[in-house]
Amino acid sequence: MNATWLEGLSPRHMIFLGVVLAALLIAPWLVNDYLLTVLIVILYFAYTGQAWNIMMGFAGQLSLGHAIYAGLGGYVAAVLFTRYGVGPWLGFLVAMPVCAACGAVIGFLAFRFGVSGVYFAILTIAFAEFARIGFDHLDFVNASAGLFLPVKQYAYNDLWRLRGSPRMFYYVILAATVFALILSRLLLRSRIGYFWLAIREDEPAARAAGIDTFRYKMYAVMISAAVTSFAGVFYAFFYNNLFPEQVFSISRSIEMILGPVIGGVGTLFGPIVGAFVLTGLAESVTSAMSAFGFDLPGAKQIFYGICLLLVVVALPEGIWPWLARRLGLGERGQ
Amino acid sequence: MSALLSLTRVSKRFRGLVAVDAVSFDVPEGVIFAVIGPNGAGKTTLFNMIAGAMAPDDGAIAFAGERISGLTSDAVCRRGVARTFQLVRPFPALSVEDNVIVGALLHHRDVGAARERALAVLRRLELFDKRNQIASTLTLPDRKRLEVARALATKPKLLLLDEVMAGLRPTETDRMVATLREINRDSGLTILLIEHVMRAVMALAARVLVLDHGVAIAAGTPEDVVRDPAVVRSYLGAEAL
């Protein structure tokens with residue numbers, strides 16, 4: 001296994017990955033509580049960005065409603081925990097197939113009936129909106145009043161029940177992010193990954209090369225949905241509350257895709273870099289503005305928007321391809 | 001010589017227009033077979049029906065004794081019919097090697113084995129030195145060769161070439177003719193080509209079918225066909241005599 005997921009990496013890559021990983025491992029012991037929370041948010045978006053990237057970056061299927069899988073995953077695990085006392089990891093084992101099945105339904109409707117491109121993206125938004133409105137009226141999950149997980153002070157970290165300090169949550173989401181990176185790399189270098197790239201590049205040509213594009217697009221949606229479901233479970237247990245208006249909202253879906261878009265769609269490291277740049281930028285704008293005593297409502301959002309615009313105009317391929325060249329880390333086919 | 005590909009009264013209509021009208025022909029195994037005809041004769045429609053890109057309205061297409069008309073293009077390819085596109089469509093952002101690996105993965109589950117197959121095909125098409133280039137940066141002749149490479153990598157029994165010589169200079173045409181001839185000679189691969197470049201057709205094809213307004217007006221060896229008065233009138237022009 002070792003040989004497979006590290007195969008093809010130069011010593012330079014290894015050193016880069018080692019340094020980044022080491023820095024992330026010691027980070028929670030060096031930063032204050034506020035920065036630790038920021039890091040957790042960054043890794044959360046690095047994780048969801050990678051999950052979304054499997055579907056769009058690899059297979060070329062644009063989902064603008066990815067919040068549905070995180071929301072559904074969170075609700076499944078939270079309901080199982082609050083009503084039946086089922087722990088989050090077992091809850092995840094239920095949430096994962098539920099989300100994959102949800103992805104399969106959306107994918108089947110779209111791909112079976114030839115819905116593609118922007119129309120497919122609209123379909124994904126529609127399903128996320130169905131979920132938002134549906135859960136808002138579903139008394140079983142407390143409808144719009146929201147679902148709350150019991151919060152109390154814990155003397156120790158209970159990893160099995162995901163109850164504990166932010167530091168524990170940090171390591172959980174870090175492990176998930178590393179797992180998603182390894183999974184993405186393995187997928188991209190396998191038969192399925194080549195077929196996805198072919199579909200992304202030119203679907204009729206992919207079919208002419210014998211690829212059952214319906215099947216491989218279904219795999220992409222289902223795997224992406226299953227990976228995203230864990231982010232929902234994590235979210236539910238970290239924030240201890242779920243509101244349909246929040247977890248299924250379209251802005252949540254957009255937040256998920258900003259990271260990979262800024263970092264580099266289709267690249268392995270882009271979603272991670274993008275999450276750091278975006279959240280880092282937002283936080284620095286906030287602190288810079290308060291440091292200068294500059295407090296106009298909306299000014300932060302405008303400044304943030306301008307920064308994003310500049311990145312997109314200057315680096316249309318995303319930050320990572322450019323950064324990788326600078327660091328001498330260009331990986332072939334990336 | 002048994003027929004590898006057999007068309008029986010195949011027709012295709014677009015609203016009122018009959019693009020292909022009850023065309024029947026057999027492609028024997030191991031030969032290079034050319035379909036020629038003026039623009040709008042129905043060549044590409046015929047080709048798309050064989051490749052599964054569209055279904056015929058009437059008639060039947062059989063490949064290796066099995067009916068393939070009505071199958072999707074990926075299913076047709078899995079049965080051993082690989083095609084190129086008239087307007088080339090390699091996977092633009094992928095390297096030359098990865099383009100061909102995609103084709104080779106059809107019959108190899110393992111990426112390593114597919115890569116070996118791809119490299120062998122790239123050598124044959126003289127693209128080996130350009131294997132790390134991104135496909136969109138290739139020149140037109142190289143992109144055409146890449147299309148042939150990707151199709152060959154799927155290990156077809158029948159290779160369909162849609163105007164693979166169009167837009168090539170005469171020297172490049174000769175190079176492509178030599179490559180295709182070599183492949184046909186060495187592996188016995190059956191090739192069906194649609195072609196405008198008569199120089200290539202005369203040099204390559206053992207059998208020629210001439211289409212005009214969707215109707216097969218002549219069939220035979222290239223030498224017979226170019227002397228056929230109907231062909232001369234509709235396609236080649238009087239000066240060719």
# chains A, B, ... in the order shown; residues from 1 in each chain; ligands from 1

call {"tool": "interface_residues", "arguments": {"of": "chain A", "to": "chain B", "cutoff": "10 Å", "atoms": "only C-alpha atoms", "output": "short mmCIF file (atom, residue, chain, number, x, y, z; two decimals) with N, CA and C atoms, in the first residue's frame"}}
result
data_model
loop_
_atom_site.label_atom_id
_atom_site.label_comp_id
_atom_site.auth_asym_id
_atom_site.auth_seq_id
_atom_site.Cartn_x
_atom_site.Cartn_y
_atom_site.Cartn_z
N ARG A 189 -4.77 8.07 -9.86
CA ARG A 189 -3.76 7.26 -10.53
C ARG A 189 -4.26 5.89 -10.93
N SER A 190 -5.55 5.64 -10.67
CA SER A 190 -6.07 4.31 -11.01
C SER A 190 -6.88 4.38 -12.30
N ARG A 191 -7.39 3.24 -12.70
CA ARG A 191 -8.18 3.14 -13.93
C ARG A 191 -9.36 4.11 -13.90
N ILE A 192 -10.05 4.13 -12.76
CA ILE A 192 -11.23 5.00 -12.63
C ILE A 192 -10.83 6.47 -12.81
N GLY A 193 -9.66 6.85 -12.28
CA GLY A 193 -9.19 8.23 -12.39
C GLY A 193 -8.93 8.63 -13.84
N TYR A 194 -8.31 7.74 -14.60
CA TYR A 194 -8.06 8.02 -16.03
C TYR A 194 -9.39 8.18 -16.76
N PHE A 195 -10.35 7.31 -16.45
CA PHE A 195 -11.64 7.39 -17.12
C PHE A 195 -12.35 8.70 -16.76
N TRP A 196 -12.24 9.11 -15.48
CA TRP A 196 -12.86 10.38 -15.08
C TRP A 196 -12.25 11.54 -15.86
N LEU A 197 -10.93 11.56 -15.94
CA LEU A 197 -10.27 12.66 -16.66
C LEU A 197 -10.72 12.69 -18.12
N ALA A 198 -10.83 11.51 -18.71
CA ALA A 198 -11.27 11.42 -20.11
C ALA A 198 -12.68 12.00 -20.25
N ILE A 199 -13.58 11.66 -19.31
CA ILE A 199 -14.96 12.17 -19.34
C ILE A 199 -14.95 13.68 -19.17
N ARG A 200 -14.11 14.16 -18.24
CA ARG A 200 -14.02 15.60 -18.00
C ARG A 200 -13.56 16.33 -19.26
N GLU A 201 -12.58 15.75 -19.93
CA GLU A 201 -11.98 16.42 -21.08
C GLU A 201 -12.89 16.41 -22.31
N ASP A 202 -13.52 15.29 -22.59
CA ASP A 202 -14.35 15.17 -23.80
C ASP A 202 -15.19 13.91 -23.69
N GLU A 203 -16.46 14.11 -23.32
CA GLU A 203 -17.28 12.93 -23.05
C GLU A 203 -17.55 12.06 -24.29
N PRO A 204 -17.92 12.64 -25.44
CA PRO A 204 -18.12 11.77 -26.61
C PRO A 204 -16.85 11.00 -26.99
N ALA A 205 -15.70 11.66 -26.87
CA ALA A 205 -14.45 10.96 -27.19
C ALA A 205 -14.20 9.85 -26.17
N ALA A 206 -14.56 10.08 -24.92
CA ALA A 206 -14.39 9.04 -23.89
C ALA A 206 -15.26 7.84 -24.22
N ARG A 207 -16.48 8.11 -24.67
CA ARG A 207 -17.37 6.99 -25.04
C ARG A 207 -16.81 6.24 -26.23
N ALA A 208 -16.27 6.99 -27.19
CA ALA A 208 -15.70 6.35 -28.38
C ALA A 208 -14.50 5.49 -28.00
N ALA A 209 -13.87 5.78 -26.85
CA ALA A 209 -12.75 4.94 -26.39
C ALA A 209 -13.26 3.78 -25.53
N GLY A 210 -14.58 3.58 -25.53
CA GLY A 210 -15.14 2.40 -24.88
C GLY A 210 -15.54 2.60 -23.43
N ILE A 211 -15.49 3.84 -22.94
CA ILE A 211 -15.80 4.07 -21.53
C ILE A 211 -17.31 4.20 -21.33
N ASP A 212 -17.85 3.42 -20.41
CA ASP A 212 -19.25 3.52 -20.04
C ASP A 212 -19.39 4.77 -19.16
N THR A 213 -19.61 5.90 -19.82
CA THR A 213 -19.53 7.18 -19.09
C THR A 213 -20.62 7.30 -18.01
N ARG A 332 3.71 15.43 -12.87
CA ARG A 332 3.27 15.16 -14.22
C ARG A 332 1.77 14.88 -14.26
N GLY A 333 1.11 15.45 -15.26
CA GLY A 333 -0.31 15.20 -15.41
C GLY A 333 -1.14 15.98 -14.41
N GLN A 334 -0.52 16.89 -13.70
CA GLN A 334 -1.25 17.68 -12.70
C GLN A 334 -1.46 19.10 -13.19
#

call {"tool": "residues_around", "arguments": {"residues": "Phe128 of chain B", "least_positions_apart": "4", "cutoff": "9 Å", "atoms": "only C-alpha atoms", "output": "PDB file with N, CA and C atoms, in the first residue's frame"}}
result
ATOM      1  N   VAL B  96       0.131  13.280 -23.950  1.00  0.00           N
ATOM      2  CA  VAL B  96      -0.007  12.328 -25.054  1.00  0.00           C
ATOM      3  C   VAL B  96      -0.092  10.905 -24.506  1.00  0.00           C
ATOM      4  N   GLU B  97       0.806  10.598 -23.574  1.00  0.00           N
ATOM      5  CA  GLU B  97       0.842   9.253 -22.990  1.00  0.00           C
ATOM      6  C   GLU B  97      -0.475   8.932 -22.272  1.00  0.00           C
ATOM      7  N   LEU B 119       2.752   2.835 -24.535  1.00  0.00           N
ATOM      8  CA  LEU B 119       4.082   3.216 -25.020  1.00  0.00           C
ATOM      9  C   LEU B 119       4.416   2.473 -26.315  1.00  0.00           C
ATOM     10  N   ALA B 120       3.994   1.204 -26.391  1.00  0.00           N
ATOM     11  CA  ALA B 120       4.241   0.436 -27.615  1.00  0.00           C
ATOM     12  C   ALA B 120       3.495   1.068 -28.792  1.00  0.00           C
ATOM     13  N   VAL B 121       2.255   1.469 -28.548  1.00  0.00           N
ATOM     14  CA  VAL B 121       1.459   2.104 -29.611  1.00  0.00           C
ATOM     15  C   VAL B 121       2.081   3.443 -30.012  1.00  0.00           C
ATOM     16  N   LEU B 122       2.546   4.194 -29.004  1.00  0.00           N
ATOM     17  CA  LEU B 122       3.153   5.502 -29.296  1.00  0.00           C
ATOM     18  C   LEU B 122       4.413   5.360 -30.140  1.00  0.00           C
ATOM     19  N   ARG B 123       5.180   4.301 -29.888  1.00  0.00           N
ATOM     20  CA  ARG B 123       6.377   4.054 -30.721  1.00  0.00           C
ATOM     21  C   ARG B 123       5.961   3.825 -32.158  1.00  0.00           C
ATOM     22  N   ARG B 124       4.940   3.012 -32.323  1.00  0.00           N
ATOM     23  CA  ARG B 124       4.449   2.667 -33.650  1.00  0.00           C
ATOM     24  C   ARG B 124       3.967   3.906 -34.409  1.00  0.00           C
ATOM     25  N   ASN B 132       5.275  13.121 -23.269  1.00  0.00           N
ATOM     26  CA  ASN B 132       5.005  13.960 -22.099  1.00  0.00           C
ATOM     27  C   ASN B 132       4.399  15.314 -22.450  1.00  0.00           C
TER      28      ASN B 132
END

call {"tool": "atom_distance", "arguments": {"atom1": "atom CA of Ser6 of chain B", "atom2": "atom CA of Leu189 of chain B"}}
result
16.2 Å

call {"tool": "select_by_dssp", "arguments": {"residues": "segment 1-238 of chain B", "states": "strand (DSSP E)", "output": "VMD selection string"}}
result
chain B and resid 3 to 14 17 to 28 32 to 36 58 to 63 66 to 67 81 to 83 158 to 162 190 to 194 207 to 212 215 to 220

call {"tool": "select_by_dssp", "arguments": {"residues": "segment 5-236 of chain A", "states": "alpha helix (DSSP H)", "output": "ChimeraX atom specification"}}
result
/A:5-6,11-26,33-53,67-84,88-112,118-136,166-188,191-201,203-208,213-236

call {"tool": "decode", "arguments": {"residues": "segment 51-178 of chain B", "atoms": "C-alpha atoms", "output": "CSV table (one decimal), in the first residue's frame"}}
result
chain,number,residue,atom,x,y,z
B,51,ALA,CA,-19.5,3.6,-34.6
B,52,GLY,CA,-22.7,3.7,-32.6
B,53,ALA,CA,-22.9,7.5,-32.4
B,54,MET,CA,-26.3,7.3,-34.0
B,55,ALA,CA,-28.8,4.5,-34.7
B,56,PRO,CA,-29.9,3.7,-38.3
B,57,ASP,CA,-33.6,4.1,-39.1
B,58,ASP,CA,-33.6,1.0,-41.2
B,59,GLY,CA,-31.4,-1.9,-41.9
B,60,ALA,CA,-28.8,-3.8,-39.9
B,61,ILE,CA,-25.1,-3.5,-39.1
B,62,ALA,CA,-23.4,-6.7,-38.0
B,63,PHE,CA,-19.9,-7.0,-36.7
B,64,ALA,CA,-18.2,-10.3,-36.3
B,65,GLY,CA,-21.6,-12.0,-36.8
B,66,GLU,CA,-23.3,-9.9,-34.0
B,67,ARG,CA,-25.8,-7.2,-34.6
B,68,ILE,CA,-24.3,-3.9,-33.4
B,69,SER,CA,-26.8,-1.4,-34.9
B,70,GLY,CA,-28.5,0.5,-32.0
B,71,LEU,CA,-25.7,-0.1,-29.5
B,72,THR,CA,-24.2,2.9,-27.8
B,73,SER,CA,-20.7,4.0,-29.0
B,74,ASP,CA,-18.9,2.7,-25.9
B,75,ALA,CA,-20.6,-0.7,-26.3
B,76,VAL,CA,-19.5,-0.8,-30.0
B,77,CYS,CA,-15.9,0.1,-29.0
B,78,ARG,CA,-15.9,-2.6,-26.3
B,79,ARG,CA,-16.8,-5.1,-29.1
B,80,GLY,CA,-13.7,-4.2,-31.0
B,81,VAL,CA,-14.6,-1.2,-33.2
B,82,ALA,CA,-12.4,1.9,-32.5
B,83,ARG,CA,-12.8,5.2,-34.3
B,84,THR,CA,-11.2,8.6,-34.8
B,85,PHE,CA,-13.0,11.9,-35.3
B,86,GLN,CA,-12.9,14.0,-38.4
B,87,LEU,CA,-12.4,17.1,-36.2
B,88,VAL,CA,-9.9,15.6,-33.9
B,89,ARG,CA,-10.8,15.4,-30.2
B,90,PRO,CA,-7.9,14.2,-28.1
B,91,PHE,CA,-8.3,14.9,-24.3
B,92,PRO,CA,-6.7,18.4,-24.5
B,93,ALA,CA,-5.4,18.8,-20.9
B,94,LEU,CA,-3.9,15.3,-20.7
B,95,SER,CA,-0.4,14.3,-21.8
B,96,VAL,CA,0.0,12.3,-25.1
B,97,GLU,CA,0.8,9.3,-23.0
B,98,ASP,CA,-2.2,9.6,-20.7
B,99,ASN,CA,-4.5,10.0,-23.8
B,100,VAL,CA,-3.3,6.7,-25.1
B,101,ILE,CA,-3.4,5.0,-21.6
B,102,VAL,CA,-7.1,5.9,-21.4
B,103,GLY,CA,-7.6,3.8,-24.6
B,104,ALA,CA,-5.4,1.0,-23.4
B,105,LEU,CA,-7.3,0.8,-20.1
B,106,LEU,CA,-10.3,-0.6,-21.9
B,107,HIS,CA,-8.7,-4.1,-21.9
B,108,HIS,CA,-6.2,-3.7,-19.1
B,109,ARG,CA,-7.4,-3.3,-15.5
B,110,ASP,CA,-3.9,-2.4,-14.4
B,111,VAL,CA,-2.5,1.0,-15.1
B,112,GLY,CA,1.1,-0.3,-15.4
B,113,ALA,CA,0.1,-2.8,-18.1
B,114,ALA,CA,-1.9,-0.1,-19.9
B,115,ARG,CA,1.0,2.2,-19.9
B,116,GLU,CA,3.2,-0.4,-21.5
B,117,ARG,CA,0.6,-1.0,-24.2
B,118,ALA,CA,0.3,2.8,-24.6
B,119,LEU,CA,4.1,3.2,-25.0
B,120,ALA,CA,4.2,0.4,-27.6
B,121,VAL,CA,1.5,2.1,-29.6
B,122,LEU,CA,3.2,5.5,-29.3
B,123,ARG,CA,6.4,4.1,-30.7
B,124,ARG,CA,4.4,2.7,-33.6
B,125,LEU,CA,2.8,6.1,-34.3
B,126,GLU,CA,6.2,7.8,-33.9
B,127,LEU,CA,4.9,9.9,-31.0
B,128,PHE,CA,7.1,8.3,-28.3
B,129,ASP,CA,9.3,11.3,-28.0
B,130,LYS,CA,6.3,13.6,-27.5
B,131,ARG,CA,4.7,11.4,-24.9
B,132,ASN,CA,5.0,14.0,-22.1
B,133,GLN,CA,3.6,16.8,-24.2
B,134,ILE,CA,0.1,18.1,-23.3
B,135,ALA,CA,-2.2,17.0,-26.2
B,136,SER,CA,-3.5,20.5,-26.8
B,137,THR,CA,0.0,21.7,-27.7
B,138,LEU,CA,0.5,19.2,-30.5
B,139,THR,CA,0.4,20.2,-34.2
B,140,LEU,CA,-2.5,19.0,-36.3
B,141,PRO,CA,-0.7,16.1,-37.9
B,142,ASP,CA,0.4,14.9,-34.5
B,143,ARG,CA,-3.1,15.3,-33.0
B,144,LYS,CA,-4.3,13.1,-35.9
B,145,ARG,CA,-1.7,10.5,-35.1
B,146,LEU,CA,-2.6,10.7,-31.4
B,147,GLU,CA,-6.3,9.9,-32.3
B,148,VAL,CA,-5.1,6.9,-34.2
B,149,ALA,CA,-2.9,5.9,-31.3
B,150,ARG,CA,-5.7,6.2,-28.8
B,151,ALA,CA,-8.0,4.1,-31.0
B,152,LEU,CA,-5.4,1.5,-31.6
B,153,ALA,CA,-4.7,1.2,-27.9
B,154,THR,CA,-8.2,-0.2,-27.4
B,155,LYS,CA,-7.0,-3.3,-29.3
B,156,PRO,CA,-9.7,-3.0,-32.0
B,157,LYS,CA,-10.6,-5.7,-34.6
B,158,LEU,CA,-11.8,-2.9,-36.9
B,159,LEU,CA,-10.4,0.6,-37.0
B,160,LEU,CA,-12.6,3.4,-38.3
B,161,LEU,CA,-10.8,6.4,-39.7
B,162,ASP,CA,-12.8,9.5,-40.4
B,163,GLU,CA,-10.8,11.7,-42.9
B,164,VAL,CA,-7.6,11.1,-41.0
B,165,MET,CA,-5.6,12.7,-43.9
B,166,ALA,CA,-7.7,15.9,-44.2
B,167,GLY,CA,-5.6,19.0,-43.6
B,168,LEU,CA,-2.3,17.1,-43.9
B,169,ARG,CA,0.5,18.1,-46.3
B,170,PRO,CA,1.4,15.5,-48.9
B,171,THR,CA,4.5,14.4,-47.0
B,172,GLU,CA,2.5,13.9,-43.9
B,173,THR,CA,-0.2,12.0,-45.8
B,174,ASP,CA,2.5,9.7,-47.1
B,175,ARG,CA,3.8,9.1,-43.6
B,176,MET,CA,0.3,8.3,-42.3
B,177,VAL,CA,-0.3,6.0,-45.3
B,178,ALA,CA,2.9,4.2,-44.5
